[in-house]
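Dropping query13.cif in here (mmCIF, C-alpha atoms):
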data_query
loop_
_atom_site.label_atom_id
_atom_site.label_comp_id
_atom_site.auth_asym_id
_atom_site.auth_seq_id
_atom_site.Cartn_x
_atom_site.Cartn_y
_atom_site.Cartn_z
CA MET A 1 12.84 42.76 -56.75
CA VAL A 2 9.95 40.34 -56.20
CA ASP A 3 6.45 41.84 -56.48
CA GLU A 4 4.38 41.56 -53.31
CA PRO A 5 1.46 39.18 -53.88
CA PRO A 6 -2.02 40.63 -53.48
CA ALA A 7 -3.44 40.31 -49.99
CA ILE A 8 -6.38 38.38 -51.44
CA GLU A 9 -6.86 36.69 -54.78
CA LEU A 10 -10.00 34.72 -55.67
CA ARG A 11 -10.40 32.74 -58.89
CA GLY A 12 -13.81 31.24 -59.63
CA LEU A 13 -14.68 30.73 -55.96
CA ALA A 14 -17.85 28.78 -55.21
CA ARG A 15 -19.37 27.49 -52.02
CA TYR A 16 -22.60 25.54 -51.46
CA PHE A 17 -24.65 24.62 -48.42
CA GLY A 18 -26.50 21.53 -49.56
CA GLU A 19 -28.68 22.57 -52.49
CA ARG A 20 -28.21 26.27 -51.82
CA THR A 21 -25.47 28.21 -53.56
CA ALA A 22 -23.87 30.69 -51.17
CA LEU A 23 -21.14 31.93 -53.54
CA ARG A 24 -20.41 31.19 -57.18
CA ASP A 25 -17.83 32.19 -59.76
CA LEU A 26 -16.28 34.88 -57.61
CA SER A 27 -12.98 36.35 -58.82
CA LEU A 28 -11.10 39.41 -57.55
CA ARG A 29 -7.74 40.78 -56.39
CA VAL A 30 -7.28 42.95 -53.32
CA PRO A 31 -3.87 44.68 -53.14
CA ALA A 32 -2.14 44.74 -49.75
CA GLY A 33 -2.97 47.72 -47.58
CA THR A 34 -6.29 48.50 -49.24
CA THR A 35 -9.88 48.17 -48.05
CA LEU A 36 -12.51 46.03 -49.76
CA ALA A 37 -16.13 46.73 -48.87
CA VAL A 38 -18.46 43.78 -49.41
CA LEU A 39 -22.07 44.86 -49.86
CA GLY A 40 -25.29 42.95 -50.28
CA ARG A 41 -28.54 42.05 -48.63
CA ASN A 42 -28.81 39.54 -45.77
CA GLY A 43 -27.94 36.11 -47.16
CA ALA A 44 -26.06 37.49 -50.18
CA GLY A 45 -22.91 35.57 -49.16
CA LYS A 46 -20.90 38.23 -47.31
CA SER A 47 -20.30 36.27 -44.11
CA THR A 48 -19.58 33.08 -46.07
CA LEU A 49 -16.88 34.91 -48.01
CA LEU A 50 -15.31 36.17 -44.79
CA ARG A 51 -15.35 32.69 -43.24
CA ILE A 52 -13.65 31.23 -46.33
CA LEU A 53 -10.97 33.93 -46.19
CA ALA A 54 -10.51 33.12 -42.48
CA SER A 55 -9.95 29.43 -43.42
CA LEU A 56 -12.98 28.45 -41.33
CA LEU A 57 -14.89 27.20 -44.39
CA ARG A 58 -13.61 25.20 -47.36
CA PRO A 59 -14.37 26.49 -50.83
CA HIS A 60 -16.09 23.90 -53.02
CA ALA A 61 -14.62 25.22 -56.27
CA GLY A 62 -12.05 27.78 -57.36
CA GLU A 63 -8.90 29.09 -55.77
CA VAL A 64 -8.39 31.28 -52.71
CA LEU A 65 -4.98 32.84 -52.09
CA VAL A 66 -4.23 35.00 -49.07
CA PHE A 67 -0.83 36.73 -49.23
CA GLY A 68 -0.01 34.25 -51.99
CA GLU A 69 -0.77 31.21 -49.82
CA PRO A 70 -3.52 28.87 -51.09
CA LEU A 71 -6.38 28.12 -48.71
CA PRO A 72 -7.24 25.85 -47.05
CA ARG A 73 -4.02 23.91 -47.77
CA ARG A 74 -1.75 26.59 -46.27
CA GLY A 75 -4.23 27.74 -43.64
CA PHE A 76 -1.69 27.26 -40.87
CA ALA A 77 0.66 29.83 -42.45
CA VAL A 78 -2.17 32.32 -43.06
CA ARG A 79 -3.92 32.19 -39.71
CA ALA A 80 -1.22 34.13 -37.88
CA LYS A 81 -1.64 36.98 -40.38
CA LEU A 82 -5.40 37.44 -40.16
CA GLY A 83 -7.86 38.71 -37.60
CA LEU A 84 -11.59 38.02 -37.77
CA LEU A 85 -14.25 40.17 -36.18
CA SER A 86 -17.49 38.28 -36.76
CA HIS A 87 -21.07 38.50 -35.52
CA GLU A 88 -20.04 36.36 -32.53
CA PRO A 89 -17.46 37.91 -30.18
CA LEU A 90 -15.67 34.53 -29.75
CA LEU A 91 -15.27 35.17 -26.03
CA TYR A 92 -16.17 32.86 -23.14
CA ARG A 93 -18.98 34.44 -21.14
CA GLU A 94 -17.86 33.02 -17.78
CA LEU A 95 -14.28 34.27 -18.13
CA THR A 96 -13.33 37.91 -17.63
CA GLY A 97 -12.30 40.11 -20.54
CA ARG A 98 -8.68 39.99 -19.41
CA GLU A 99 -8.75 36.18 -19.00
CA ASN A 100 -10.22 35.82 -22.48
CA LEU A 101 -7.61 38.07 -24.05
CA ARG A 102 -4.76 36.37 -22.18
CA TYR A 103 -6.05 33.02 -23.44
CA HIS A 104 -5.92 34.31 -27.03
CA ALA A 105 -2.54 35.92 -26.39
CA ARG A 106 -1.14 32.54 -25.32
CA LEU A 107 -2.57 30.83 -28.41
CA HIS A 108 -1.01 33.49 -30.67
CA ARG A 109 2.23 33.72 -28.64
CA VAL A 110 1.65 37.38 -27.87
CA ASP A 111 2.93 38.82 -24.58
CA PHE A 112 0.53 40.14 -21.96
CA ASP A 113 1.73 43.75 -22.37
CA ARG A 114 -0.10 43.76 -25.68
CA VAL A 115 -3.29 42.68 -23.87
CA GLU A 116 -3.04 45.71 -21.58
CA GLU A 117 -2.22 47.93 -24.56
CA VAL A 118 -5.39 47.02 -26.48
CA LEU A 119 -7.53 47.18 -23.33
CA ARG A 120 -6.27 50.71 -22.74
CA ALA A 121 -6.90 51.62 -26.37
CA VAL A 122 -10.62 50.78 -26.06
CA GLN A 123 -10.86 52.06 -22.46
CA MET A 124 -11.78 48.70 -21.01
CA GLU A 125 -9.06 48.37 -18.37
CA ARG A 126 -11.44 49.09 -15.49
CA ARG A 127 -14.04 46.50 -16.57
CA ALA A 128 -11.50 43.95 -17.81
CA ASP A 129 -11.85 41.80 -14.68
CA ASP A 130 -15.62 41.46 -14.96
CA PRO A 131 -17.03 38.27 -16.50
CA VAL A 132 -18.00 38.90 -20.11
CA ARG A 133 -21.61 37.88 -19.35
CA LEU A 134 -21.96 40.97 -17.14
CA LEU A 135 -20.84 43.44 -19.80
CA SER A 136 -23.03 45.44 -22.19
CA ARG A 137 -23.09 44.47 -25.87
CA GLY A 138 -21.00 47.52 -26.74
CA MET A 139 -18.34 46.57 -24.20
CA VAL A 140 -18.31 42.98 -25.48
CA GLN A 141 -17.85 44.32 -29.02
CA ARG A 142 -14.89 46.43 -27.84
CA LEU A 143 -13.34 43.29 -26.31
CA ALA A 144 -14.02 41.41 -29.54
CA VAL A 145 -12.10 44.10 -31.42
CA CYS A 146 -9.22 43.65 -28.95
CA ARG A 147 -9.26 39.90 -29.58
CA ALA A 148 -9.25 40.32 -33.35
CA VAL A 149 -6.25 42.68 -33.40
CA LEU A 150 -4.28 41.24 -30.47
CA HIS A 151 -1.65 39.59 -32.69
CA ARG A 152 -1.35 42.61 -35.06
CA PRO A 153 -2.84 40.87 -38.12
CA ARG A 154 -1.99 42.09 -41.62
CA LEU A 155 -5.46 41.19 -42.88
CA LEU A 156 -8.58 42.22 -40.99
CA LEU A 157 -11.87 40.53 -41.80
CA LEU A 158 -14.54 42.76 -40.32
CA ASP A 159 -18.16 41.64 -40.34
CA GLU A 160 -20.27 44.61 -39.22
CA PRO A 161 -17.36 45.87 -37.06
CA ARG A 162 -19.22 48.79 -35.53
CA ALA A 163 -22.34 46.84 -34.57
CA ASN A 164 -23.44 47.71 -30.99
CA LEU A 165 -20.91 50.56 -30.76
CA ASP A 166 -21.98 54.12 -30.03
CA PRO A 167 -20.11 56.92 -31.87
CA ALA A 168 -17.65 57.42 -28.99
CA ALA A 169 -16.82 53.71 -28.87
CA GLY A 170 -16.59 53.72 -32.68
CA ASP A 171 -13.89 56.39 -32.38
CA LEU A 172 -12.04 54.29 -29.79
CA VAL A 173 -11.76 51.24 -32.04
CA GLU A 174 -10.85 53.29 -35.13
CA PRO A 175 -7.05 53.16 -34.58
CA LEU A 176 -7.25 49.37 -34.19
CA ILE A 177 -9.50 48.45 -37.11
CA GLY A 178 -9.72 51.64 -39.18
CA ARG A 179 -7.64 52.60 -42.20
CA VAL A 180 -4.90 53.94 -39.91
CA SER A 181 -4.25 50.40 -38.67
CA GLY A 182 -2.37 49.88 -41.96
CA ALA A 183 -3.84 46.41 -42.41
CA THR A 184 -5.59 45.16 -45.51
CA ARG A 185 -9.28 45.19 -44.63
CA VAL A 186 -12.35 43.36 -45.86
CA LEU A 187 -15.43 44.84 -44.29
CA THR A 188 -19.16 44.37 -44.42
CA SER A 189 -21.65 46.84 -43.04
CA HIS A 190 -25.41 47.20 -42.77
CA ASP A 191 -24.80 50.82 -43.78
CA PRO A 192 -23.50 50.72 -47.40
CA ARG A 193 -22.65 54.42 -47.52
CA ALA A 194 -20.47 54.18 -44.41
CA ALA A 195 -18.69 51.16 -45.90
CA LEU A 196 -18.19 52.95 -49.24
CA ALA A 197 -16.62 55.92 -47.46
CA GLU A 198 -13.89 53.62 -46.13
CA ALA A 199 -13.39 51.50 -49.24
CA ASP A 200 -10.83 51.46 -52.04
CA LEU A 201 -12.67 48.66 -53.80
CA VAL A 202 -16.28 47.49 -53.66
CA LEU A 203 -17.70 44.03 -54.18
CA ALA A 204 -21.47 43.88 -54.31
CA LEU A 205 -23.02 40.43 -54.01
CA ARG A 206 -26.47 39.35 -55.09
CA ASP A 207 -27.46 35.72 -54.43
CA GLY A 208 -23.80 34.78 -54.15
CA ARG A 209 -22.81 36.29 -57.50
CA THR A 210 -20.86 39.42 -58.28
CA ALA A 211 -23.33 42.23 -58.96
CA PHE A 212 -20.65 44.94 -58.97
CA LEU A 213 -16.88 45.01 -58.58
CA GLY A 214 -14.92 48.23 -58.89
CA ASP A 215 -14.14 51.69 -57.61
CA PRO A 216 -16.58 52.93 -54.95
CA GLY A 217 -16.91 56.25 -56.79
CA THR A 218 -18.47 54.53 -59.78
CA LEU A 219 -21.28 52.89 -57.79
CA SER A 220 -24.38 55.04 -58.18
CA ASP A 221 -27.07 55.62 -55.59
CA ALA A 222 -29.53 53.86 -57.87
CA GLN A 223 -27.29 50.78 -57.97
CA ILE A 224 -27.01 50.77 -54.18
CA THR A 225 -30.78 51.07 -53.82
CA GLU A 226 -31.31 48.25 -56.32
CA LEU A 227 -28.76 46.10 -54.50
CA TYR A 228 -30.74 46.25 -51.25
CA ALA A 229 -34.21 46.16 -52.86
CA MET B 230 1.80 20.11 -25.73
CA ARG B 231 2.05 23.81 -24.88
CA THR B 232 -1.20 24.56 -26.71
CA ALA B 233 -2.94 21.60 -25.05
CA LEU B 234 -1.96 22.97 -21.64
CA ILE B 235 -3.35 26.41 -22.56
CA LEU B 236 -6.67 24.83 -23.56
CA LEU B 237 -6.75 22.54 -20.52
CA ARG B 238 -6.14 25.44 -18.17
CA LYS B 239 -8.98 27.36 -19.80
CA ASP B 240 -11.34 24.35 -19.54
CA LEU B 241 -10.54 23.77 -15.86
CA ARG B 242 -10.99 27.47 -15.13
CA LEU B 243 -14.39 27.42 -16.88
CA GLU B 244 -15.46 24.35 -14.88
CA LEU B 245 -14.33 25.87 -11.59
CA ARG B 246 -16.20 29.06 -12.48
CA THR B 247 -19.46 27.39 -13.55
CA LEU B 248 -19.43 24.01 -11.69
CA GLU B 249 -21.69 22.68 -14.43
CA THR B 250 -20.17 19.27 -15.14
CA VAL B 251 -18.39 17.56 -12.23
CA PRO B 252 -21.08 18.21 -9.58
CA ALA B 253 -23.72 16.85 -11.96
CA MET B 254 -21.62 13.73 -12.58
CA VAL B 255 -21.08 13.18 -8.85
CA LEU B 256 -24.75 13.65 -7.98
CA PHE B 257 -25.75 11.28 -10.76
CA ALA B 258 -23.31 8.62 -9.51
CA LEU B 259 -24.51 8.93 -5.91
CA VAL B 260 -28.15 8.64 -6.95
CA THR B 261 -27.30 5.61 -9.10
CA ILE B 262 -25.59 3.90 -6.16
CA VAL B 263 -28.69 4.49 -4.02
CA ILE B 264 -30.92 3.15 -6.81
CA PHE B 265 -28.77 0.01 -7.10
CA HIS B 266 -28.97 -0.37 -3.31
CA PHE B 267 -32.76 -0.50 -3.41
CA GLY B 268 -33.10 -2.10 -6.84
CA LEU B 269 -30.90 -5.09 -5.95
CA ASN B 270 -32.58 -5.30 -2.53
CA GLN B 271 -29.20 -6.11 -0.95
CA ASN B 272 -27.31 -4.28 1.76
CA ALA B 273 -23.94 -5.52 0.54
CA ILE B 274 -22.61 -6.86 -2.75
CA ASP B 275 -19.18 -8.18 -3.72
CA GLY B 276 -17.12 -9.77 -6.48
CA GLN B 277 -18.19 -9.52 -10.09
CA LEU B 278 -21.59 -8.01 -9.26
CA ALA B 279 -19.96 -5.19 -7.28
CA ALA B 280 -17.45 -4.56 -10.06
CA GLY B 281 -20.25 -4.43 -12.64
CA VAL B 282 -22.32 -1.98 -10.58
CA LEU B 283 -19.33 0.31 -10.01
CA THR B 284 -18.30 0.25 -13.68
CA VAL B 285 -21.82 0.94 -14.97
CA THR B 286 -22.24 3.79 -12.47
CA VAL B 287 -19.01 5.45 -13.60
CA LEU B 288 -19.84 4.88 -17.27
CA PHE B 289 -23.29 6.48 -17.07
CA ALA B 290 -22.01 9.40 -15.00
CA ALA B 291 -19.25 9.88 -17.58
CA MET B 292 -21.88 10.31 -20.31
CA LEU B 293 -23.00 13.54 -18.63
CA GLY B 294 -19.47 14.93 -18.86
CA ILE B 295 -19.06 13.68 -22.43
CA ASN B 296 -22.25 15.44 -23.55
CA ARG B 297 -21.08 18.76 -22.08
CA LEU B 298 -17.44 18.56 -23.15
CA PHE B 299 -17.70 20.85 -26.20
CA VAL B 300 -20.78 22.88 -25.26
CA ALA B 301 -18.84 26.06 -24.43
CA GLU B 302 -16.87 25.78 -27.69
CA ARG B 303 -20.05 25.45 -29.75
CA GLU B 304 -22.20 28.01 -27.95
CA GLN B 305 -19.56 30.68 -27.32
CA GLY B 306 -17.47 30.49 -30.47
CA GLY B 307 -14.59 28.57 -28.91
CA PHE B 308 -14.21 26.39 -31.99
CA ASP B 309 -13.78 29.36 -34.33
CA ALA B 310 -11.43 31.15 -31.95
CA PHE B 311 -9.26 28.04 -31.69
CA LEU B 312 -9.32 27.37 -35.44
CA LEU B 313 -8.21 30.94 -36.11
CA ALA B 314 -5.05 30.46 -34.07
CA PRO B 315 -1.86 29.16 -35.70
CA VAL B 316 -1.72 26.01 -33.56
CA ASP B 317 -1.85 22.26 -34.02
CA ARG B 318 -5.51 21.21 -33.96
CA THR B 319 -4.73 17.92 -32.23
CA ALA B 320 -4.04 20.00 -29.12
CA MET B 321 -7.79 20.26 -28.63
CA LEU B 322 -8.13 16.46 -28.55
CA VAL B 323 -5.37 16.17 -25.95
CA ALA B 324 -6.78 19.02 -23.83
CA LYS B 325 -10.39 17.81 -23.91
CA ALA B 326 -9.40 14.20 -23.16
CA ALA B 327 -7.21 15.40 -20.28
CA ALA B 328 -10.04 17.55 -18.92
CA LEU B 329 -12.48 14.62 -19.09
CA PHE B 330 -9.92 12.35 -17.42
CA LEU B 331 -9.58 14.84 -14.55
CA PHE B 332 -13.37 15.19 -14.29
CA LEU B 333 -13.67 11.39 -14.03
CA ALA B 334 -10.93 11.25 -11.40
CA ALA B 335 -12.76 13.92 -9.37
CA LEU B 336 -15.98 11.93 -9.73
CA GLU B 337 -14.34 8.74 -8.50
CA VAL B 338 -12.72 10.42 -5.50
CA ILE B 339 -16.27 10.83 -4.16
CA ALA B 340 -18.22 8.03 -5.87
CA VAL B 341 -15.88 5.12 -5.00
CA PRO B 342 -15.85 5.77 -1.22
CA ALA B 343 -19.64 6.25 -1.38
CA PHE B 344 -19.91 2.92 -3.21
CA GLY B 345 -17.73 1.30 -0.51
CA LEU B 346 -19.86 2.80 2.23
CA PHE B 347 -23.36 2.11 0.91
CA LEU B 348 -23.11 -0.98 -1.28
CA LEU B 349 -19.82 -2.87 -1.11
CA GLY B 350 -19.63 -5.77 1.36
CA PRO B 351 -15.83 -6.25 1.71
CA SER B 352 -13.66 -3.44 2.98
CA LEU B 353 -12.48 -1.02 0.29
CA GLY B 354 -9.04 -0.53 1.89
CA PRO B 355 -7.05 -3.60 0.70
CA PRO B 356 -8.16 -3.57 -2.97
CA LEU B 357 -7.88 0.20 -3.34
CA PRO B 358 -4.41 0.40 -5.03
CA GLY B 359 -5.42 -2.20 -7.62
CA LEU B 360 -8.79 -0.54 -8.10
CA ILE B 361 -7.13 2.83 -8.72
CA LEU B 362 -4.99 1.25 -11.45
CA VAL B 363 -8.04 -0.35 -13.12
CA LEU B 364 -10.09 2.86 -12.93
CA ALA B 365 -7.19 4.95 -14.27
CA LEU B 366 -6.96 2.75 -17.37
CA ALA B 367 -10.75 2.77 -17.73
CA ASP B 368 -10.83 6.57 -17.38
CA LEU B 369 -8.22 6.91 -20.11
CA GLY B 370 -10.41 4.93 -22.52
CA LEU B 371 -13.51 6.86 -21.47
CA ALA B 372 -11.68 10.16 -21.94
CA VAL B 373 -10.42 9.35 -25.44
CA ILE B 374 -13.65 7.76 -26.73
CA GLY B 375 -15.71 10.40 -24.96
CA THR B 376 -13.80 13.25 -26.61
CA LEU B 377 -14.10 11.65 -30.03
CA VAL B 378 -17.83 11.00 -29.66
CA SER B 379 -18.49 14.42 -28.19
CA ALA B 380 -16.66 16.14 -31.06
CA ILE B 381 -18.90 14.24 -33.51
CA ALA B 382 -22.12 14.81 -31.57
CA VAL B 383 -21.64 18.51 -30.88
CA HIS B 384 -22.19 19.41 -34.54
CA THR B 385 -25.53 17.59 -34.67
CA ARG B 386 -28.93 18.80 -33.56
CA ALA B 387 -29.60 15.62 -31.54
CA ARG B 388 -26.25 15.77 -29.75
CA ASP B 389 -27.67 14.64 -26.37
CA LEU B 390 -28.87 11.48 -28.09
CA ILE B 391 -25.93 10.93 -30.46
CA GLY B 392 -23.36 10.99 -27.63
CA PRO B 393 -24.69 7.96 -25.72
CA MET B 394 -25.81 6.15 -28.89
CA LEU B 395 -22.31 6.30 -30.38
CA GLY B 396 -20.35 6.20 -27.14
CA LEU B 397 -21.95 3.36 -25.22
CA PRO B 398 -21.47 0.66 -27.91
CA LEU B 399 -17.86 1.76 -28.44
CA LEU B 400 -17.27 1.59 -24.69
CA ILE B 401 -18.62 -1.97 -24.21
CA PRO B 402 -15.14 -3.58 -24.54
CA ALA B 403 -13.78 -1.16 -21.93
CA LEU B 404 -16.78 -1.88 -19.69
CA ILE B 405 -16.16 -5.65 -19.91
CA ALA B 406 -12.42 -5.35 -19.29
CA THR B 407 -12.87 -2.95 -16.36
CA ALA B 408 -15.50 -5.09 -14.66
CA ARG B 409 -13.45 -8.29 -15.17
CA ALA B 410 -10.29 -6.63 -13.89
CA ALA B 411 -12.03 -5.16 -10.82
CA GLY B 412 -14.13 -8.24 -9.96
CA PRO B 413 -11.42 -10.32 -8.21
CA LEU B 414 -10.35 -7.24 -6.22
CA LEU B 415 -13.83 -6.87 -4.73
CA ALA B 416 -14.41 -10.54 -3.92
CA ALA B 417 -15.56 -11.48 -0.41
CA GLY B 418 -13.34 -13.69 1.72
CA HIS B 419 -10.00 -13.80 -0.08
CA PRO B 420 -9.88 -10.95 -2.57
CA ALA B 421 -7.00 -10.73 -5.05
CA SER B 422 -4.38 -8.16 -4.16
CA THR B 423 -3.72 -7.22 -7.80
CA PRO B 424 -6.05 -7.14 -10.82
CA PRO B 425 -5.75 -9.91 -13.45
CA THR B 426 -2.95 -8.93 -15.85
CA ARG B 427 -4.84 -10.21 -18.90
CA TRP B 428 -7.73 -7.79 -18.45
CA LEU B 429 -5.40 -4.91 -17.64
CA GLU B 430 -3.54 -5.58 -20.90
CA ILE B 431 -6.80 -5.65 -22.86
CA LEU B 432 -7.83 -2.35 -21.27
CA ALA B 433 -4.45 -0.76 -22.04
CA LEU B 434 -4.54 -2.06 -25.64
CA TYR B 435 -8.05 -0.66 -26.07
CA ASP B 436 -6.82 2.73 -24.81
CA VAL B 437 -3.87 2.78 -27.20
CA VAL B 438 -5.91 1.73 -30.24
CA PHE B 439 -8.58 4.38 -29.70
CA ALA B 440 -6.01 7.06 -28.83
CA LEU B 441 -4.34 6.41 -32.21
CA LEU B 442 -7.70 6.37 -33.99
CA ALA B 443 -8.74 9.65 -32.33
CA TYR B 444 -5.40 11.23 -33.26
CA ALA B 445 -5.91 10.19 -36.89
CA VAL B 446 -9.44 11.52 -37.34
CA PHE B 447 -9.78 14.45 -34.93
CA ASP B 448 -8.60 17.10 -37.41
CA PHE B 449 -11.37 16.11 -39.81
CA LEU B 450 -13.99 16.47 -37.08
CA LEU B 451 -13.06 20.13 -36.66
CA GLU B 452 -13.47 20.87 -40.38
CA ASP B 453 -16.65 22.57 -41.58
#
This structure in structure tokens:
Amino acid sequence: MVDEPPAIELRGLARYFGERTALRDLSLRVPAGTTLAVLGRNGAGKSTLLRILASLLRPHAGEVLVFGEPLPRRGFAVRAKLGLLSHEPLLYRELTGRENLRYHARLHRVDFDRVEEVLRAVQMERRADDPVRLLSRGMVQRLAVCRAVLHRPRLLLLDEPRANLDPAAGDLVEPLIGRVSGATRVLTSHDPRAALAEADLVLALRDGRTAFLGDPGTLSDAQITELYA
Amino acid sequence: MRTALILLRKDLRLELRTLETVPAMVLFALVTIVIFHFGLNQNAIDGQLAAGVLTVTVLFAAMLGINRLFVAEREQGGFDAFLLAPVDRTAMLVAKAAALFLFLAALEVIAVPAFGLFLLGPSLGPPLPGLILVLALADLGLAVIGTLVSAIAVHTRARDLIGPMLGLPLLIPALIATARAAGPLLAAGHPASTPPTRWLEILALYDVVFALLAYAVFDFLLED
């Protein structure tokens, strides 16, 4: 029997923006089905890491493997397996929520029944025919969740996934992006304790370097405070 | 081709919803025709001068569409959403070029009759089939070059400047060929019934060369 490759494997990953180093010498393995919480202050490199894993950015050094496929060379094979929920909802403001989701469904070859299924899951069926520009930020975030999970990705890259969501809306999206979704998850959060509660593994970044990598239970309050100081 | 049609449908729907591009191109062309009318101080022009005025009007109006071609993708995350999908990235080149071609066709449906009414001396009726052929080939070149230039410019801060600065020099051969092909059609007295084959061939060759070039480099333009 062949061992399943880890969902994510990084070996000496580095990425620069001009003179600035966004990530350097980053190595880790994330087993399939687990949750990695990425912590760090603003600008620590969290979003850059997520964009590299989504094959939207090229690494400048090191290796990135997603489900055993090297990025960016095998990006085409990986993209169908991952869903990205970023700071931007990636929705056209002049189109309705339903039109946006149907557009993404066509690109991912997903049937329209799935669109209705996710809209129902986040209770957006009744506002799905309104242009996105008329919706509240919370509603737009719910639609963004729908977009990210429309094609049932095996890897979810979640950048502040509960931003703009009230507790009730947070509960609505839980089955789609929470642990019960069954997907491997990489998540960032402005609330480190909330992220730790969901995590099996923690990566703390400081200035693009690994400040901590390990079990969330072994990360002390003092370390968390120092990380965000 | 399937992906290109999905993108094209989305682009046309966005344009119908916002009416941001084609009406601006049409208004610009109409104003330009009026300006030429007064600037040349002539009630009617024909031949090579008429062909040059029509070509320059279409070219400048096209720059408005070229500058706006990727704005929704850049401002609303359309690039990322597309790049996250397991699809051939060249589909975006085909879809954007097709959208620009259709925008130019819509522009010309209004601008060419207006040109015939306000500025052209000879009747527009007899040369119209030949003129449609010339403009279709010119639009193809404009659409391909315009998409390429717009994809480069959209990632820069000075994109409104970069578009025309890169696009206009690249489009000079198409401008020359279009004006030379249309000139005999718009001549007073005994206009040609068909455009000169030589200039049509040059225009078609120009279209093919830049279509191949755009196909070769477009993927790299979408990279980070």
Mind running chain A against chain B at 9 Å and telling me each contacting residue's nearest atom pair with the distance in Å (one decimal), counting only C-alpha atoms, chain and number ascending, as a Markdown table?
| residue | atom | partner | partner_atom | distance |
| --- | --- | --- | --- | --- |
| A:Ala54 | CA | B:Leu313 | CA | 7.1 |
| A:Ser55 | CA | B:Leu313 | CA | 7.7 |
| A:Leu56 | CA | B:Asp453 | CA | 6.9 |
| A:Leu57 | CA | B:Asp453 | CA | 5.7 |
| A:Arg58 | CA | B:Asp453 | CA | 7.0 |
| A:Gly75 | CA | B:Pro315 | CA | 8.4 |
| A:Phe76 | CA | B:Pro315 | CA | 5.5 |
| A:Ala77 | CA | B:Pro315 | CA | 7.2 |
| A:Val78 | CA | B:Pro315 | CA | 8.0 |
| A:Arg79 | CA | B:Pro315 | CA | 5.4 |
| A:Ala80 | CA | B:Pro315 | CA | 5.5 |
| A:Leu82 | CA | B:Leu313 | CA | 8.2 |
| A:Gly83 | CA | B:Leu313 | CA | 7.9 |
| A:Leu84 | CA | B:Leu313 | CA | 8.0 |
| A:Glu88 | CA | B:Gly306 | CA | 6.7 |
| A:Pro89 | CA | B:Gly306 | CA | 7.4 |
| A:Leu90 | CA | B:Gly306 | CA | 4.5 |
| A:Leu91 | CA | B:Gln305 | CA | 6.3 |
| A:Tyr92 | CA | B:Gln305 | CA | 5.8 |
| A:Arg93 | CA | B:Gln305 | CA | 7.3 |
| A:Glu94 | CA | B:Leu243 | CA | 6.6 |
| A:Leu95 | CA | B:Leu243 | CA | 7.0 |
| A:Glu99 | CA | B:Lys239 | CA | 8.9 |
| A:Asn100 | CA | B:Lys239 | CA | 9.0 |
| A:Tyr103 | CA | B:Ile235 | CA | 7.2 |
| A:His104 | CA | B:Ala310 | CA | 8.0 |
| A:Arg106 | CA | B:Ile235 | CA | 7.1 |
| A:Leu107 | CA | B:Ala314 | CA | 6.2 |
| A:His108 | CA | B:Ala314 | CA | 6.1 |
**OP:** I would like the residues chosen by the PyMOL selection byres ((chain A and resi 112-124) around 8) on the shown file; could you give them as a list in words?
**Re:** Arg98, Leu101, Arg102, Ala105, Val110, Asp111, Glu125, Arg126, Arg127, Ala128, Met139, Arg142, Leu143, Cys146, Leu150, Ala169, Leu172 and Val173 of chain A
Original post:
What does the distance between CA of Pro175 (chain A) and CA of Pro5 (chain A) come to in Å, to one decimal place?
Top reply: 25.3 Å
Could you tell me, as a PDB file with C-alpha atoms, in the coordinates of the input, exactly which residues end up selected when the PyMOL selection byres ((chain B and resi 450) around 12) is applied to this structure?
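Everything below was put into result_3.pdb:
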ATOM      1  CA  PHE B 308     -14.210  26.390 -31.990  1.00  0.00           C
ATOM      2  CA  LEU B 312      -9.320  27.370 -35.440  1.00  0.00           C
ATOM      3  CA  ARG B 318      -5.510  21.210 -33.960  1.00  0.00           C
ATOM      4  CA  THR B 319      -4.730  17.920 -32.230  1.00  0.00           C
ATOM      5  CA  MET B 321      -7.790  20.260 -28.630  1.00  0.00           C
ATOM      6  CA  LEU B 322      -8.130  16.460 -28.550  1.00  0.00           C
ATOM      7  CA  THR B 376     -13.800  13.250 -26.610  1.00  0.00           C
ATOM      8  CA  LEU B 377     -14.100  11.650 -30.030  1.00  0.00           C
ATOM      9  CA  VAL B 378     -17.830  11.000 -29.660  1.00  0.00           C
ATOM     10  CA  SER B 379     -18.490  14.420 -28.190  1.00  0.00           C
ATOM     11  CA  ALA B 380     -16.660  16.140 -31.060  1.00  0.00           C
ATOM     12  CA  ILE B 381     -18.900  14.240 -33.510  1.00  0.00           C
ATOM     13  CA  ALA B 382     -22.120  14.810 -31.570  1.00  0.00           C
ATOM     14  CA  VAL B 383     -21.640  18.510 -30.880  1.00  0.00           C
ATOM     15  CA  HIS B 384     -22.190  19.410 -34.540  1.00  0.00           C
ATOM     16  CA  THR B 385     -25.530  17.590 -34.670  1.00  0.00           C
ATOM     17  CA  ALA B 443      -8.740   9.650 -32.330  1.00  0.00           C
ATOM     18  CA  TYR B 444      -5.400  11.230 -33.260  1.00  0.00           C
ATOM     19  CA  ALA B 445      -5.910  10.190 -36.890  1.00  0.00           C
ATOM     20  CA  VAL B 446      -9.440  11.520 -37.340  1.00  0.00           C
ATOM     21  CA  PHE B 447      -9.780  14.450 -34.930  1.00  0.00           C
ATOM     22  CA  ASP B 448      -8.600  17.100 -37.410  1.00  0.00           C
ATOM     23  CA  PHE B 449     -11.370  16.110 -39.810  1.00  0.00           C
ATOM     24  CA  LEU B 451     -13.060  20.130 -36.660  1.00  0.00           C
ATOM     25  CA  GLU B 452     -13.470  20.870 -40.380  1.00  0.00           C
ATOM     26  CA  ASP B 453     -16.650  22.570 -41.580  1.00  0.00           C
TER      27      ASP B 453
END
